[in-house]
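Asks: Structure file input_21.tsv (TSV, C-alpha atoms) is given on the next line.
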```tsv
chain	number	residue	atom	x	y	z
L	9	MET	CA	96.39	63.65	81.08
L	10	LEU	CA	95.30	66.35	83.51
L	11	ASP	CA	92.74	68.83	82.22
L	12	ARG	CA	93.75	72.34	81.26
L	13	ALA	CA	92.57	73.87	84.54
L	14	TYR	CA	95.50	72.15	86.27
L	15	PHE	CA	97.93	74.37	84.36
L	16	THR	CA	96.22	77.75	84.64
L	17	GLY	CA	96.78	80.52	87.16
L	18	ILE	CA	100.39	79.56	87.91
L	19	HIS	CA	101.93	82.45	89.82
L	20	GLY	CA	105.27	81.25	91.10
L	21	ALA	CA	108.74	82.09	92.34
L	22	VAL	CA	112.16	80.47	92.23
L	23	TYR	CA	113.10	79.57	95.80
L	24	ILE	CA	116.65	79.40	97.09
L	25	PRO	CA	117.09	80.29	100.79
L	26	THR	CA	119.08	83.42	101.49
L	27	LYS	CA	122.06	81.63	103.04
L	28	ALA	CA	122.33	78.80	100.49
L	29	TRP	CA	124.82	79.45	97.71
L	30	ASN	CA	123.99	76.35	95.68
L	31	ALA	CA	121.54	73.43	95.68
L	32	TYR	CA	123.80	71.13	97.68
L	33	GLN	CA	123.99	73.69	100.49
L	34	GLN	CA	120.23	74.31	100.30
L	35	TRP	CA	119.53	70.69	101.22
L	36	ARG	CA	122.48	70.00	103.50
L	37	ASP	CA	121.61	73.07	105.59
L	38	TYR	CA	117.84	72.80	105.20
L	39	SER	CA	115.77	74.30	108.02
L	40	HIS	CA	112.08	73.60	108.64
L	41	GLU	CA	111.72	76.95	110.41
L	42	VAL	CA	113.37	78.95	107.62
L	43	THR	CA	111.31	77.22	104.93
L	44	ASP	CA	108.07	77.78	106.82
L	45	ARG	CA	108.96	81.45	107.29
L	46	ASP	CA	110.00	82.05	103.67
L	47	LEU	CA	106.99	80.33	102.14
L	48	GLY	CA	104.80	82.39	104.44
L	49	TYR	CA	106.31	85.45	102.76
L	50	ALA	CA	105.47	83.93	99.38
L	51	ARG	CA	101.79	83.70	100.27
L	52	ASN	CA	101.78	87.43	101.06
L	53	LEU	CA	102.35	87.92	97.32
L	54	LYS	CA	99.69	85.37	96.31
L	55	ILE	CA	102.38	82.98	95.07
L	56	ASN	CA	100.95	79.50	94.55
L	57	ALA	CA	103.98	77.62	93.17
L	58	ILE	CA	107.70	77.42	93.79
L	59	ARG	CA	110.49	76.08	91.61
L	60	VAL	CA	113.36	74.53	93.55
L	61	TRP	CA	116.59	72.82	92.58
L	62	MET	CA	117.14	69.33	93.86
L	63	SER	CA	120.64	68.03	94.58
L	64	TYR	CA	121.64	64.69	93.13
L	65	GLU	CA	125.00	65.02	94.88
L	66	TYR	CA	123.42	65.48	98.30
L	67	TRP	CA	120.99	62.64	97.63
L	68	LEU	CA	123.97	60.37	96.93
L	69	SER	CA	125.66	61.44	100.15
L	70	ASP	CA	122.61	60.98	102.42
L	71	LYS	CA	119.46	59.66	100.75
L	72	LYS	CA	117.31	59.42	103.88
L	73	ASP	CA	118.14	62.92	105.02
L	74	PHE	CA	117.55	64.44	101.60
L	75	GLU	CA	114.24	62.63	101.13
L	76	ALA	CA	112.98	63.65	104.56
L	77	LYS	CA	113.93	67.28	103.98
L	78	PHE	CA	112.32	67.44	100.56
L	79	ASP	CA	109.11	65.93	101.89
L	80	ASP	CA	109.11	68.48	104.69
L	81	LEU	CA	109.37	71.32	102.16
L	82	VAL	CA	106.53	69.85	100.09
L	83	SER	CA	104.36	69.52	103.20
L	84	ILE	CA	105.04	73.10	104.30
L	85	ALA	CA	104.33	74.42	100.81
L	86	PHE	CA	101.07	72.49	100.52
L	87	SER	CA	99.89	73.78	103.88
L	88	LYS	CA	100.20	77.29	102.43
L	89	GLY	CA	98.48	76.56	99.14
L	90	ILE	CA	101.74	76.26	97.21
L	91	ARG	CA	102.68	73.45	94.82
L	92	VAL	CA	106.30	72.51	94.17
L	93	MET	CA	108.09	72.06	90.86
L	94	PRO	CA	111.49	70.44	91.49
L	95	SER	CA	114.25	70.81	88.93
L	96	MET	CA	116.03	67.48	89.22
L	97	PHE	CA	119.32	68.41	87.52
L	98	GLU	CA	121.19	71.57	86.56
L	99	CYS	CA	123.26	72.28	83.43
L	100	CYS	CA	124.38	75.77	84.55
L	101	GLY	CA	127.32	76.63	86.76
L	102	ARG	CA	130.67	75.16	87.71
L	103	GLU	CA	131.57	71.49	87.73
L	104	PRO	CA	130.63	69.74	90.99
L	105	SER	CA	133.52	69.03	93.34
L	106	LYS	CA	134.09	69.18	97.07
L	107	ASP	CA	135.41	72.72	96.68
L	108	THR	CA	132.57	74.06	94.54
L	109	ILE	CA	129.71	72.57	96.53
L	110	GLU	CA	131.25	73.77	99.81
L	111	ASP	CA	132.20	77.22	98.47
L	112	ARG	CA	130.69	80.16	100.36
L	113	GLY	CA	132.79	82.93	98.81
L	114	GLN	CA	130.81	86.02	97.89
L	115	PHE	CA	132.27	86.21	94.39
L	116	SER	CA	132.90	82.53	93.68
L	117	ALA	CA	129.97	80.68	95.28
L	118	THR	CA	127.63	80.46	92.31
L	119	ALA	CA	125.58	77.72	90.66
L	120	VAL	CA	127.03	74.20	90.44
L	121	ARG	CA	126.22	71.74	87.65
L	122	SER	CA	124.45	68.54	88.60
L	123	PRO	CA	125.65	66.08	87.52
L	124	GLY	CA	129.02	67.04	86.08
L	125	THR	CA	130.00	66.70	82.43
L	126	ASP	CA	131.96	63.55	83.27
L	127	ILE	CA	128.54	61.93	83.65
L	128	THR	CA	126.41	63.75	81.08
L	129	GLU	CA	128.96	63.09	78.33
L	130	ASP	CA	129.21	59.35	79.08
L	131	THR	CA	126.01	57.35	78.51
L	132	ALA	CA	127.47	54.46	80.51
L	133	LYS	CA	127.17	56.66	83.61
L	134	TRP	CA	123.54	57.69	83.18
L	135	SER	CA	122.13	54.90	85.34
L	136	GLY	CA	122.86	56.84	88.53
L	137	PRO	CA	120.92	59.98	87.55
L	138	CYS	CA	118.15	57.79	86.13
L	139	SER	CA	117.79	56.15	89.53
L	140	PHE	CA	117.24	59.63	91.02
L	141	ILE	CA	114.44	60.20	88.50
L	142	ASP	CA	113.00	56.76	89.27
L	143	TRP	CA	113.01	57.42	93.02
L	144	PHE	CA	111.23	60.73	92.56
L	145	SER	CA	108.67	59.42	90.07
L	146	ASP	CA	107.91	56.37	92.21
L	147	THR	CA	107.48	58.52	95.31
L	148	TYR	CA	105.77	61.62	93.94
L	149	GLY	CA	104.39	60.62	90.53
L	150	ASN	CA	100.86	60.62	91.91
L	151	ASP	CA	101.27	63.38	94.51
L	152	GLN	CA	99.10	66.41	93.81
L	153	ARG	CA	101.39	68.56	95.99
L	154	ILE	CA	103.86	68.37	93.11
L	155	LEU	CA	103.09	70.76	90.26
L	156	ALA	CA	105.37	69.15	87.66
L	157	ILE	CA	108.67	67.29	87.33
L	158	GLU	CA	111.35	69.40	85.64
L	159	VAL	CA	114.01	66.90	84.66
L	160	THR	CA	116.85	69.38	84.14
L	161	ASN	CA	117.58	73.07	83.67
L	162	GLU	CA	118.95	74.75	80.54
L	163	PRO	CA	120.70	71.98	78.59
L	164	LYS	CA	123.16	73.57	76.19
L	165	SER	CA	125.55	71.07	74.61
L	166	VAL	CA	124.57	68.10	72.45
L	167	SER	CA	125.33	65.75	75.34
L	168	ASP	CA	123.21	67.89	77.68
L	169	HIS	CA	120.25	67.63	75.31
L	170	LEU	CA	120.63	63.89	74.82
L	171	PHE	CA	120.87	63.43	78.57
L	172	ALA	CA	117.76	65.56	79.03
L	173	LEU	CA	115.82	63.54	76.47
L	174	GLU	CA	116.68	60.30	78.27
L	175	LEU	CA	115.53	61.79	81.58
L	176	LEU	CA	112.25	62.95	80.03
L	177	LYS	CA	111.55	59.50	78.62
L	178	ARG	CA	112.34	57.96	82.00
L	179	ALA	CA	110.12	60.37	83.88
L	180	LYS	CA	107.26	59.99	81.40
L	181	ARG	CA	107.31	56.20	81.77
L	182	ALA	CA	107.40	56.30	85.55
L	183	SER	CA	105.25	59.31	86.41
L	184	LYS	CA	101.61	58.45	86.94
L	185	HIS	CA	99.74	61.75	86.84
L	186	ILE	CA	102.31	64.53	87.34
L	187	PRO	CA	103.32	66.35	84.13
L	188	VAL	CA	106.96	66.44	83.05
L	189	THR	CA	108.81	69.43	81.69
L	190	LEU	CA	112.28	70.86	81.12
L	191	GLY	CA	113.90	74.22	81.91
L	192	ALA	CA	114.26	75.44	78.33
L	193	GLN	CA	116.10	78.69	77.70
L	194	THR	CA	113.84	79.64	74.79
L	195	LEU	CA	110.54	78.60	73.28
L	196	PHE	CA	112.49	77.20	70.31
L	197	ASP	CA	114.37	74.71	72.51
L	198	ASN	CA	111.14	72.89	73.27
L	199	ILE	CA	110.95	71.66	69.69
L	200	MET	CA	113.69	69.13	70.42
L	201	TYR	CA	111.48	67.47	73.04
L	202	LYS	CA	108.10	67.62	71.34
L	203	GLY	CA	106.07	64.59	72.28
L	204	HIS	CA	108.06	64.05	75.46
L	205	ILE	CA	107.03	67.09	77.52
L	206	ASP	CA	103.70	68.21	78.93
L	207	ILE	CA	104.63	71.86	79.54
L	208	TYR	CA	106.78	74.13	77.38
L	209	GLN	CA	109.09	76.51	79.24
L	210	THR	CA	111.03	79.62	78.35
L	211	HIS	CA	113.38	81.79	80.42
L	212	GLU	CA	113.01	85.53	79.96
L	213	ASN	CA	115.24	86.84	82.73
L	214	ILE	CA	116.30	90.14	81.19
L	215	HIS	CA	114.78	92.06	78.28
L	216	LEU	CA	115.97	95.33	76.81
L	217	SER	CA	112.47	96.68	76.18
L	218	GLU	CA	108.80	96.08	76.84
L	219	PHE	CA	108.37	95.55	73.10
L	220	SER	CA	110.76	92.60	73.21
L	221	LEU	CA	109.06	90.99	76.22
L	222	LYS	CA	105.57	91.48	74.78
L	223	GLY	CA	106.67	89.76	71.59
L	224	VAL	CA	107.72	86.65	73.54
L	225	LEU	CA	104.51	86.58	75.55
L	226	GLU	CA	102.39	86.92	72.42
L	227	ARG	CA	104.24	83.99	70.83
L	228	ALA	CA	103.79	81.98	74.03
L	229	LYS	CA	100.03	82.45	73.88
L	230	MET	CA	99.99	81.48	70.20
L	231	VAL	CA	101.98	78.32	70.92
L	232	GLU	CA	99.58	77.42	73.71
L	233	GLU	CA	96.61	77.82	71.40
L	234	ILE	CA	98.08	75.98	68.40
L	235	GLU	CA	99.91	73.19	70.24
L	236	GLN	CA	97.40	72.91	73.09
L	237	ILE	CA	100.34	72.69	75.50
L	238	PRO	CA	100.82	75.14	78.40
L	239	VAL	CA	103.73	77.58	78.13
L	240	TRP	CA	105.29	78.91	81.32
L	241	VAL	CA	107.99	81.54	81.80
L	242	THR	CA	109.86	79.87	84.63
L	243	GLU	CA	112.50	82.57	85.12
L	244	TRP	CA	112.05	86.33	84.84
L	245	GLN	CA	113.70	89.31	86.47
L	246	GLN	CA	113.44	92.75	84.87
L	247	ILE	CA	113.71	95.01	81.85
L	248	ARG	CA	117.10	96.68	81.49
L	249	THR	CA	117.89	99.24	78.83
L	250	SER	CA	121.68	99.33	79.35
L	251	GLY	CA	122.49	95.66	78.75
L	252	ILE	CA	121.74	92.05	79.58
L	253	GLY	CA	124.72	91.60	81.90
L	254	PHE	CA	124.89	87.80	81.77
L	255	CYS	CA	128.46	87.65	80.48
L	256	GLY	CA	129.99	90.36	82.62
L	257	GLU	CA	129.32	93.17	80.15
L	258	HIS	CA	128.56	96.68	81.36
L	259	VAL	CA	125.23	97.38	83.00
L	260	ASP	CA	124.33	100.81	84.35
L	261	LYS	CA	124.61	100.86	88.13
L	262	ASP	CA	120.97	101.81	88.67
L	263	GLU	CA	119.88	98.69	86.74
L	264	LEU	CA	121.83	96.19	88.85
L	265	ARG	CA	119.22	96.06	91.60
L	266	PRO	CA	115.84	94.27	91.63
L	267	ASN	CA	113.24	95.98	89.46
L	268	HIS	CA	110.56	93.33	88.99
L	269	LYS	CA	107.83	95.91	88.47
L	270	THR	CA	109.19	96.52	84.96
L	271	MET	CA	108.04	93.03	83.91
L	272	ALA	CA	105.41	91.87	86.38
L	273	SER	CA	102.35	93.57	84.90
L	274	TRP	CA	102.84	91.93	81.51
L	275	TYR	CA	102.51	88.43	82.99
L	276	HIS	CA	99.21	89.44	84.55
L	277	ILE	CA	98.00	91.04	81.30
L	278	TYR	CA	98.88	88.03	79.13
L	279	LYS	CA	97.91	85.49	81.80
L	280	VAL	CA	101.06	83.44	81.23
L	281	GLY	CA	102.14	81.03	83.98
L	282	ASN	CA	105.34	82.41	85.45
L	283	PHE	CA	108.00	82.18	88.17
L	284	VAL	CA	109.78	85.34	89.29
L	285	TRP	CA	113.49	85.08	90.10
L	286	GLY	CA	113.43	84.93	93.03
L	287	LEU	CA	111.60	84.87	96.31
L	288	MET	CA	114.56	85.78	98.54
L	289	LEU	CA	116.97	88.67	97.97
L	290	LYS	CA	120.29	87.25	96.78
L	291	PRO	CA	123.32	87.99	94.61
L	292	ALA	CA	122.94	86.74	91.05
L	293	TYR	CA	122.97	82.96	90.54
L	294	LEU	CA	125.58	82.88	87.74
L	295	THR	CA	129.16	84.14	87.60
L	296	GLY	CA	128.67	86.64	84.76
L	297	GLN	CA	125.84	88.47	86.49
L	298	ARG	CA	127.49	88.19	89.89
L	299	SER	CA	130.69	89.78	88.55
L	300	VAL	CA	128.94	93.01	87.57
L	301	GLY	CA	127.13	93.26	90.90
L	302	THR	CA	123.63	92.08	90.02
L	303	PHE	CA	121.16	91.26	92.79
L	304	ASN	CA	117.63	89.96	92.46
L	305	GLY	CA	114.76	88.86	94.64
L	306	LEU	CA	111.98	90.20	96.81
L	307	PHE	CA	112.32	89.47	100.54
L	308	HIS	CA	114.92	90.05	103.21
L	309	GLU	CA	115.13	87.26	105.77
L	310	ASP	CA	113.13	89.29	108.29
L	311	GLY	CA	110.19	89.67	105.91
L	312	CYS	CA	110.86	93.21	104.76
L	313	VAL	CA	110.76	93.61	101.01
L	314	TYR	CA	113.55	95.24	99.08
L	315	SER	CA	110.98	97.15	97.01
L	316	LEU	CA	107.33	97.59	97.91
L	317	ASP	CA	106.60	98.58	94.31
L	318	ASP	CA	108.06	95.25	93.14
L	319	ALA	CA	106.08	93.29	95.73
L	320	ARG	CA	102.85	95.01	94.74
L	321	ALA	CA	103.52	94.41	91.06
L	322	VAL	CA	104.27	90.71	91.58
L	323	ALA	CA	101.15	90.28	93.73
L	324	ASN	CA	99.09	92.43	91.34
L	325	ASP	CA	97.81	94.28	94.39
L	326	SER	CA	98.42	98.03	94.64
L	327	SER	CA	97.04	98.10	98.19
L	328	LEU	CA	99.55	95.57	99.56
L	329	MET	CA	101.31	96.85	102.67
L	330	LEU	CA	104.68	95.39	103.65
L	331	GLU	CA	107.66	97.00	105.33
L	332	GLU	CA	110.25	98.08	102.77
L	333	ARG	CA	114.00	98.22	103.31
L	334	HIS	CA	115.83	99.33	100.22
L	335	SER	CA	119.18	97.97	101.31
L	336	LEU	CA	121.25	94.84	100.90
L	337	PRO	CA	122.07	92.31	103.62
L	338	VAL	CA	125.39	93.02	105.30
L	339	CYS	CA	126.88	89.76	104.06
L	340	PHE	CA	126.42	90.96	100.45
L	341	ASN	CA	128.32	94.23	100.89
L	342	GLU	CA	131.55	92.91	99.36
L	343	VAL	CA	129.76	91.79	96.24
L	344	ALA	CA	127.87	95.05	96.03
L	345	SER	CA	131.09	97.05	96.25
L	346	LYS	CA	132.31	95.49	93.01
L	347	SER	CA	129.66	97.44	91.12
L	348	GLU	CA	130.64	100.78	92.66
```
Go ahead and express the file in the form of structure tokens.
Replies:
Amino acid sequence: MLDRAYFTGIHGAVYIPTKAWNAYQQWRDYSHEVTDRDLGYARNLKINAIRVWMSYEYWLSDKKDFEAKFDDLVSIAFSKGIRVMPSMFECCGREPSKDTIEDRGQFSATAVRSPGTDITEDTAKWSGPCSFIDWFSDTYGNDQRILAIEVTNEPKSVSDHLFALELLKRAKRASKHIPVTLGAQTLFDNIMYKGHIDIYQTHENIHLSEFSLKGVLERAKMVEEIEQIPVWVTEWQQIRTSGIGFCGEHVDKDELRPNHKTMASWYHIYKVGNFVWGLMLKPAYLTGQRSVGTFNGLFHEDGCVYSLDDARAVANDSSLMLEERHSLPVCFNEVASKSE
């Protein structure tokens, strides 16, 4: 197993290009130039890792194209001192279909599950996803440009968890030196996979208070010390006092916009590996947050930041100078108007 130094100092971001509305579109419409530009922005904030969703569905449709595009992203990232953590599958979002993966509607184009429940709930159909894991492990299981293999994100149902456990076992057998992990919603969820994962994760997107966030980070450090397993917060956004907003409940208008500075300093203080959501300014990933008008992210496509205070807090550099434009891209105006 890799020594502990491999896992320290992780300062990452979730990366979904501005114009991609789901993982399938991210890879179908992949651009070398856009990726090179965006990851250049990441280095301005001292980001050294990115978390990206793969697309099993796009891989099935065009394996050679997908594989070439992913390798291009990894090469660009490595040239900028950034390691990549791919999330192979996704348990959040709508069921995959031609309509959902092609959807570009401002209200409807949100996350898409990968694979669909017709596969995750039928063990006889797991061989296809397992072949995706096998391809990745065989190709990148000894590639130091890869930070870790995240087999799936946020399993929720019993079948999701059983599917995730099978993927972890598969990845552990095949991966040579790259650690395996899973996008757990909470620290508690990792218990189900103990012995099968090399990194514990937790998602702390929204907290109602600093006290609540600090409690999680203190527990994360205790778990690291007792279990001798790294704990990373692989999704975080901001502290909101008016509500979480994940299920469409009310959130005060002034808390719908990015406010990463409310959380960022605590990750530096506790020295917990973390990935801010997200690098590029975008409407919320999930339907509930999208419906109340939530946006998150750091950079406009032209390199301006939405909030210089947020950028400085994420970089832990109060002297950082970047052009700020506290506005939303024109294509997001319709979504934004829903929160008026």
Asks: Taking (118.6, 98.1, 74.7) in the file's own coordinates, collect the residues within 9 Å, counting only C-alpha atoms, and hand them back as a list in words.
Replies: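 Residues close enough to count: His215, Leu216, Ser217, Arg248, Thr249, Ser250, Gly251 and Ile252 of chain L.
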Asks: Sort by chain and increasing residue number a table of all residues of stretch 90-139 of chain L within 8 Å of stretch 167-178 of chain L, each with its closest pair of atoms and their distance in Å to one decimal, counting only C-alpha atoms, and write it as CSV.
Replies:
```
residue,atom,partner,partner_atom,distance
L:Cys99,CA,L:Asp168,CA,7.2
L:Thr128,CA,L:Phe171,CA,6.1
L:Glu129,CA,L:Ser167,CA,5.4
L:Thr131,CA,L:Phe171,CA,8.0
L:Trp134,CA,L:Phe171,CA,7.8
L:Cys138,CA,L:Leu175,CA,6.6
```
Asks: Could you pull the residues within 8 Å of L:Ala31, counting all atoms listed in the file, minus those fewer than 6 positions along the same chain, as a list in words?
Replies: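 Result of the neighbour search: Ile24, Trp61, Met62, Ser63, Ala119 and Val120 of chain L.
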Asks: Here is a test: counting all atoms listed in the file, which residue of L:Arg45, L:Arg112, L:Lys54, L:His204 is nearest to L:Gly311?
Replies: L:Arg45
Asks: Would you mind listing what lies within 12 Å of L:Asp325 as number ranges by chain, with all atoms listed in the file counted and same-chain residues fewer than 5 positions away left out?
Replies: L: 52-54, 269, 272-273, 276, 316-320, 330
Asks: Counting only C-alpha atoms, figure out which residue out of L:Glu257, L:Asp44, L:Asp310, L:Asp126 gets nearest to L:Ser87.
Replies: L:Asp44
